[in-house]
file structure_31.cif (mmCIF, C-alpha atoms)
data_protein
#
loop_
_atom_site.label_atom_id
_atom_site.label_comp_id
_atom_site.auth_asym_id
_atom_site.auth_seq_id
_atom_site.Cartn_x
_atom_site.Cartn_y
_atom_site.Cartn_z
CA MET L 135 55.00 -9.29 12.74
CA PRO L 136 55.99 -12.65 11.14
CA ARG L 137 53.20 -14.50 9.32
CA PRO L 138 52.27 -17.95 10.63
CA MET L 139 52.98 -21.04 8.57
CA LEU L 140 49.83 -21.86 6.64
CA SER L 141 49.67 -25.54 5.82
CA GLY L 142 48.29 -28.84 7.02
CA LEU L 143 44.75 -29.39 8.26
CA TYR L 144 42.24 -26.53 8.06
CA VAL L 145 39.04 -27.39 9.94
CA ILE L 146 35.89 -25.53 8.86
CA LEU L 147 33.31 -25.17 11.61
CA ASP L 148 29.86 -24.98 10.01
CA PRO L 149 26.87 -25.64 12.30
CA SER L 150 24.63 -26.57 9.35
CA VAL L 151 26.71 -29.65 8.58
CA CYS L 152 26.07 -31.43 11.86
CA PRO L 153 23.65 -29.34 13.97
CA ASP L 154 23.65 -31.74 16.93
CA ARG L 155 27.42 -31.51 17.41
CA PRO L 156 28.48 -28.39 19.39
CA LEU L 157 31.18 -26.47 17.55
CA HIS L 158 33.10 -25.70 20.72
CA GLU L 159 33.51 -29.43 21.26
CA VAL L 160 34.69 -29.93 17.68
CA LEU L 161 37.24 -27.13 18.05
CA THR L 162 38.51 -28.39 21.40
CA VAL L 163 38.89 -32.03 20.39
CA SER L 164 40.38 -31.13 17.00
CA ALA L 165 42.93 -28.76 18.52
CA GLN L 166 43.91 -31.36 21.10
CA ALA L 167 44.38 -33.86 18.25
CA GLY L 168 46.77 -31.53 16.41
CA ALA L 169 44.71 -29.19 14.19
CA THR L 170 46.00 -25.61 14.32
CA LEU L 171 43.80 -23.69 11.85
CA PHE L 172 40.02 -23.21 12.10
CA GLN L 173 37.40 -21.28 10.19
CA TYR L 174 33.95 -20.32 11.48
CA ARG L 175 31.34 -20.48 8.70
CA ASN L 176 27.68 -19.76 9.37
CA LYS L 177 25.75 -18.43 6.40
CA SER L 178 22.27 -18.55 7.95
CA ALA L 179 22.57 -17.01 11.43
CA SER L 180 21.69 -13.42 12.24
CA MET L 181 24.67 -11.16 12.88
CA LYS L 182 23.87 -11.17 16.60
CA ASP L 183 23.69 -14.96 16.84
CA ALA L 184 26.80 -15.36 14.71
CA TYR L 185 28.65 -12.92 16.94
CA ILE L 186 27.73 -14.82 20.09
CA GLU L 187 28.76 -18.14 18.57
CA ALA L 188 31.94 -16.80 17.00
CA MET L 189 32.99 -14.99 20.17
CA GLU L 190 32.82 -18.20 22.18
CA LEU L 191 34.86 -20.04 19.56
CA ARG L 192 37.38 -17.24 19.24
CA LYS L 193 38.05 -17.19 23.00
CA LEU L 194 38.43 -20.94 23.00
CA ALA L 195 40.82 -20.83 20.03
CA ALA L 196 42.96 -18.27 21.83
CA GLU L 197 43.12 -20.49 24.92
CA LEU L 198 44.10 -23.47 22.77
CA GLU L 199 46.62 -21.34 20.81
CA VAL L 200 45.19 -22.12 17.38
CA LEU L 201 44.36 -19.76 14.52
CA PHE L 202 40.74 -18.65 14.14
CA ILE L 203 39.40 -17.33 10.82
CA VAL L 204 35.90 -16.01 10.07
CA ASN L 205 34.24 -16.80 6.75
CA ASP L 206 32.98 -13.95 4.54
CA ARG L 207 32.42 -11.22 7.13
CA CYS L 208 35.16 -8.68 7.84
CA ASP L 209 32.90 -6.94 10.37
CA LEU L 210 32.35 -10.13 12.34
CA ALA L 211 36.05 -11.02 12.14
CA LEU L 212 36.97 -7.64 13.61
CA ALA L 213 34.19 -7.76 16.20
CA VAL L 214 35.58 -10.97 17.71
CA ASP L 215 39.24 -10.05 16.99
CA ALA L 216 39.70 -13.14 14.81
CA ASP L 217 43.09 -13.89 13.31
CA GLY L 218 41.70 -13.21 9.87
CA VAL L 219 38.91 -13.56 7.33
CA HIS L 220 38.28 -15.89 4.43
CA LEU L 221 36.65 -14.32 1.38
CA GLY L 222 34.64 -15.88 -1.40
CA GLN L 223 34.48 -14.52 -4.95
CA GLY L 224 31.30 -12.62 -4.10
CA ASP L 225 32.58 -11.01 -0.92
CA LEU L 226 34.34 -7.71 -0.28
CA PRO L 227 37.21 -7.18 -2.77
CA LEU L 228 40.61 -8.08 -1.40
CA ASN L 229 42.08 -4.57 -1.50
CA LEU L 230 39.15 -3.18 0.49
CA ALA L 231 39.19 -6.11 2.89
CA ARG L 232 42.85 -5.41 3.62
CA LYS L 233 42.03 -1.78 4.42
CA VAL L 234 39.28 -2.91 6.77
CA MET L 235 41.20 -5.74 8.41
CA GLY L 236 44.58 -4.01 8.69
CA PRO L 237 48.03 -5.31 7.78
CA ASP L 238 48.39 -7.94 10.51
CA LYS L 239 45.25 -10.01 9.92
CA LEU L 240 45.23 -13.06 7.67
CA ILE L 241 43.14 -12.99 4.50
CA GLY L 242 42.33 -16.06 2.44
CA ILE L 243 40.55 -16.18 -0.91
CA SER L 244 38.42 -18.95 -2.42
CA THR L 245 39.36 -19.71 -6.02
CA HIS L 246 37.91 -22.15 -8.54
CA HIS L 247 39.89 -21.77 -11.76
CA ALA L 248 43.13 -20.38 -13.17
CA GLU L 249 41.90 -16.84 -13.84
CA GLN L 250 40.75 -16.44 -10.24
CA VAL L 251 44.04 -17.84 -8.95
CA ARG L 252 46.01 -15.29 -10.98
CA ALA L 253 43.76 -12.40 -9.92
CA ALA L 254 43.83 -13.37 -6.25
CA THR L 255 47.61 -13.82 -6.26
CA ALA L 256 48.07 -10.33 -7.68
CA GLY L 257 46.23 -8.93 -4.66
CA GLN L 258 48.65 -10.66 -2.25
CA PRO L 259 46.38 -12.46 0.21
CA ASP L 260 47.95 -14.82 2.72
CA TYR L 261 46.63 -18.05 1.22
CA LEU L 262 44.20 -19.49 -1.33
CA GLY L 263 41.47 -22.06 -1.07
CA PHE L 264 41.10 -23.99 -4.32
CA GLY L 265 38.35 -26.34 -5.40
CA PRO L 266 36.10 -28.11 -5.23
CA ILE L 267 38.61 -30.85 -5.91
CA PHE L 268 35.93 -33.50 -5.42
CA LYS L 269 32.16 -33.26 -5.04
CA PRO L 270 31.42 -31.46 -1.75
CA VAL L 271 29.23 -33.17 0.82
CA SER L 272 28.32 -29.97 2.68
CA LYS L 273 27.50 -27.65 -0.23
CA LEU L 274 24.90 -28.15 -2.96
CA ASP L 275 25.46 -24.92 -4.94
CA HIS L 276 29.16 -25.52 -5.54
CA ASP L 277 31.36 -24.54 -8.46
CA PRO L 278 32.35 -27.20 -11.01
CA VAL L 279 34.57 -29.95 -9.64
CA VAL L 280 38.17 -29.41 -10.78
CA GLY L 281 39.78 -32.70 -9.75
CA ILE L 282 43.41 -33.45 -8.98
CA ALA L 283 44.37 -32.39 -12.51
CA GLY L 284 42.87 -28.94 -11.96
CA LEU L 285 44.84 -28.49 -8.77
CA ASN L 286 48.04 -29.66 -10.39
CA ALA L 287 47.48 -27.23 -13.27
CA ILE L 288 47.20 -24.11 -11.10
CA ARG L 289 50.04 -24.87 -8.69
CA ALA L 290 52.57 -23.13 -10.93
CA LEU L 291 50.42 -19.99 -11.11
CA THR L 292 50.93 -18.87 -7.51
CA PRO L 293 53.59 -18.93 -4.79
CA LEU L 294 50.88 -18.67 -2.13
CA PRO L 295 49.91 -21.51 0.19
CA ILE L 296 46.99 -23.48 -1.29
CA PHE L 297 44.38 -25.37 0.71
CA ALA L 298 42.50 -27.93 -1.35
CA ILE L 299 38.80 -28.04 -0.54
CA GLY L 300 35.76 -30.01 -1.64
CA GLY L 301 34.93 -33.58 -0.65
CA MET L 302 38.16 -34.03 1.26
CA THR L 303 38.64 -37.40 2.99
CA LEU L 304 41.62 -39.19 4.44
CA ASP L 305 42.02 -41.17 1.22
CA HIS L 306 42.53 -37.93 -0.76
CA VAL L 307 45.35 -36.44 1.31
CA GLN L 308 48.30 -37.99 -0.50
CA ASP L 309 46.92 -37.11 -3.95
CA VAL L 310 46.18 -33.44 -3.20
CA ILE L 311 49.49 -32.85 -1.47
CA GLY L 312 51.25 -34.57 -4.35
CA ALA L 313 49.44 -32.20 -6.73
CA GLY L 314 50.86 -29.19 -4.91
CA ALA L 315 48.44 -28.30 -2.12
CA ASN L 316 49.98 -27.11 1.15
CA GLY L 317 47.03 -28.37 3.12
CA VAL L 318 43.42 -29.55 3.04
CA ALA L 319 40.29 -27.76 4.21
CA VAL L 320 37.91 -30.31 5.71
CA ILE L 321 34.29 -29.98 6.76
CA SER L 322 32.04 -33.07 6.66
CA ALA L 323 34.76 -35.68 7.09
CA ILE L 324 35.50 -34.19 10.51
CA LEU L 325 32.18 -32.73 11.67
CA LYS L 326 30.36 -35.97 10.81
CA ALA L 327 33.09 -38.32 12.01
CA SER L 328 32.10 -40.89 14.61
CA ASP L 329 35.38 -40.20 16.41
CA ILE L 330 36.63 -36.67 15.74
CA ARG L 331 39.83 -37.03 17.75
CA HIS L 332 40.87 -40.14 15.85
CA THR L 333 39.92 -38.66 12.46
CA VAL L 334 41.80 -35.40 13.05
CA SER L 335 44.84 -37.33 14.27
CA ASP L 336 44.77 -39.40 11.09
CA PHE L 337 44.55 -36.29 8.90
CA VAL L 338 47.42 -34.63 10.75
CA ALA L 339 49.57 -37.75 10.49
CA ARG L 340 48.94 -38.21 6.77
CA LEU L 341 49.61 -34.55 6.04
CA ALA L 342 52.96 -34.83 7.82
CA ARG L 343 54.14 -37.68 5.60
CA PRO L 344 56.50 -36.94 2.71
CA THR L 345 54.84 -37.38 -0.65
CA SER L 346 56.00 -37.52 -4.24
CA PRO L 347 54.80 -34.79 -6.63
CA SER L 348 52.08 -35.73 -9.08
CA VAL L 349 53.06 -35.87 -12.74
#

call {"tool": "encode", "arguments": {"input": "structure_31.cif", "output": "structure tokens"}}
result
Amino acid sequence: MPRPMLSGLYVILDPSVCPDRPLHEVLTVSAQAGATLFQYRNKSASMKDAYIEAMELRKLAAELEVLFIVNDRCDLALAVDADGVHLGQGDLPLNLARKVMGPDKLIGISTHHAEQVRAATAGQPDYLGFGPIFKPVSKLDHDPVVGIAGLNAIRALTPLPIFAIGGMTLDHVQDVIGAGANGVAVISAILKASDIRHTVSDFVARLARPTSPSV
């Protein structure tokens, strides 16, 4: 089975970021505005509640023909037949996750420095998240900020698609793509946007523009 193209806008659906905004509405509006890759992240819900929420989102993603990834939990990803799982450094090791998920599911890995990028690449996941590039709005216990220079420095270490994450706004798109990212993972800038449709459309448009590599 051919692997999908992994680039562009990666919308992370986290109910803790904007509790009053239903995630199914965020997914629907974002998909209609051009986003094609979504991740469900809920670190506080019980497994039962997370399953109910993720199942609704997964069905909706299938109807809208967009990719749906589950954060951290291989069991939850399999339970809702997600398109894949995204693993942090403290989650199930990549080789075991691949055995659990099977060969056709996507697996992404969060990385924060060069050593982790090299190690993750050796395990052959489908893509990497790298950051935080800037100070995250949605996460207090984050790893050290790496900046554009940090992203530029690790680009040569891996052939894998890289999604830049951490404090991503529209104003950062050109710089992170110029530094070698294939896409941006966005949380607060979309979930807290006054007009999600307009914001997602702007991200998609800026990510589609040609950009010159950073030096």

call {"tool": "residues_around", "arguments": {"input": "structure_31.cif", "residues": "Leu228 in chain L", "least_positions_apart": "6", "cutoff": "8 Å", "atoms": "only C-alpha atoms", "output": "PyMOL selection string"}}
result
chain L and resi 221+254+257+259

call {"tool": "closest_residue", "arguments": {"input": "structure_31.cif", "among": "L:Ala248, L:Val145, L:Thr292, L:Phe268", "to": "Ala167 in chain L", "atoms": "all atoms listed in the file"}}
result
L:Val145

call {"tool": "resolve_selection", "arguments": {"input": "structure_31.cif", "expression": "the PyMOL selection byres ((chain L and resi 147) around 8)", "output": "list in words"}}
result
Val145, Ile146, Asp148, Pro149, Leu157, Val160, Leu161, Phe172, Gln173, Tyr174, Arg175, Ile321 and Leu325 of chain L

call {"tool": "resolve_selection", "arguments": {"input": "structure_31.cif", "expression": "the PyMOL selection byres ((chain L and resi 299) around 8)", "output": "JSON, numbers by chain"}}
result
{"L": [263, 264, 265, 266, 267, 268, 297, 298, 300, 301, 302, 318, 319, 320]}

call {"tool": "resolve_selection", "arguments": {"input": "structure_31.cif", "expression": "the PyMOL selection byres ((chain L and resi 138) around 12)", "output": "list in words"}}
result
Met135, Pro136, Arg137, Met139, Leu140, Ser141, Thr170, Leu171, Val200, Leu201, Asp217, Gly218, Asp238, Lys239, Leu240, Asp260, Tyr261 and Pro295 of chain L

call {"tool": "write_last_selection", "arguments": {"input": "structure_31.cif", "atoms": "C-alpha atoms", "output": "mmCIF file, keeping the file's coordinate frame"}}
result
data_model
loop_
_atom_site.group_PDB
_atom_site.id
_atom_site.type_symbol
_atom_site.label_atom_id
_atom_site.label_comp_id
_atom_site.auth_asym_id
_atom_site.auth_seq_id
_atom_site.Cartn_x
_atom_site.Cartn_y
_atom_site.Cartn_z
ATOM 1 C CA MET L 135 55.000 -9.290 12.740
ATOM 2 C CA PRO L 136 55.990 -12.650 11.140
ATOM 3 C CA ARG L 137 53.200 -14.500 9.320
ATOM 4 C CA MET L 139 52.980 -21.040 8.570
ATOM 5 C CA LEU L 140 49.830 -21.860 6.640
ATOM 6 C CA SER L 141 49.670 -25.540 5.820
ATOM 7 C CA THR L 170 46.000 -25.610 14.320
ATOM 8 C CA LEU L 171 43.800 -23.690 11.850
ATOM 9 C CA VAL L 200 45.190 -22.120 17.380
ATOM 10 C CA LEU L 201 44.360 -19.760 14.520
ATOM 11 C CA ASP L 217 43.090 -13.890 13.310
ATOM 12 C CA GLY L 218 41.700 -13.210 9.870
ATOM 13 C CA ASP L 238 48.390 -7.940 10.510
ATOM 14 C CA LYS L 239 45.250 -10.010 9.920
ATOM 15 C CA LEU L 240 45.230 -13.060 7.670
ATOM 16 C CA ASP L 260 47.950 -14.820 2.720
ATOM 17 C CA TYR L 261 46.630 -18.050 1.220
ATOM 18 C CA PRO L 295 49.910 -21.510 0.190
#

call {"tool": "residues_around", "arguments": {"input": "structure_31.cif", "residues": "range 335-339 of chain L", "least_positions_apart": "4", "cutoff": "8 Å", "atoms": "only C-alpha atoms", "output": "ChimeraX atom specification"}}
result
/L:142-143,167-169,304,307,331,343

call {"tool": "atom_distance", "arguments": {"input": "structure_31.cif", "atom1": "CA of Ala195 in chain L", "atom2": "CA of Lys182 in chain L"}}
result
19.8 Å

call {"tool": "atom_distance", "arguments": {"input": "structure_31.cif", "atom1": "CA of Ala165 in chain L", "atom2": "CA of Glu187 in chain L"}}
result
17.7 Å

call {"tool": "atom_distance", "arguments": {"input": "structure_31.cif", "atom1": "CA of Ala253 in chain L", "atom2": "CA of Tyr144 in chain L"}}
result
22.9 Å

call {"tool": "closest_residue", "arguments": {"input": "structure_31.cif", "among": "L:Ser244, L:Thr333, L:Ser178, L:Asn286", "to": "Ile311 in chain L", "atoms": "all atoms listed in the file"}}
result
L:Asn286

call {"tool": "axis_aligned_box", "arguments": {"input": "structure_31.cif", "around": "range 229-245 of chain L", "padding_each_side": "3 Å", "output": "AutoDock Vina command-line options"}}
result
--center_x 43.4 --center_y -10.7 --center_z 2.2 --size_x 16.0 --size_y 23.9 --size_z 22.5

call {"tool": "closest_residue", "arguments": {"input": "structure_31.cif", "among": "L:Arg207, L:His158, L:Lys326, L:Lys177", "to": "Arg192 in chain L", "atoms": "only C-alpha atoms"}}
result
L:His158

call {"tool": "closest_residue", "arguments": {"input": "structure_31.cif", "among": "L:Pro293, L:Pro227, L:Pro237, L:Gly281", "to": "His306 in chain L", "atoms": "all atoms listed in the file"}}
result
L:Gly281

call {"tool": "closest_residue", "arguments": {"input": "structure_31.cif", "among": "L:Leu230, L:Ala327, L:Met235, L:Ala287", "to": "Leu210 in chain L", "atoms": "all atoms listed in the file"}}
result
L:Met235

call {"tool": "closest_residue", "arguments": {"input": "structure_31.cif", "among": "L:Ala342, L:Ala179, L:Ile324, L:Ile330", "to": "Val271 in chain L", "atoms": "only C-alpha atoms"}}
result
L:Ile324
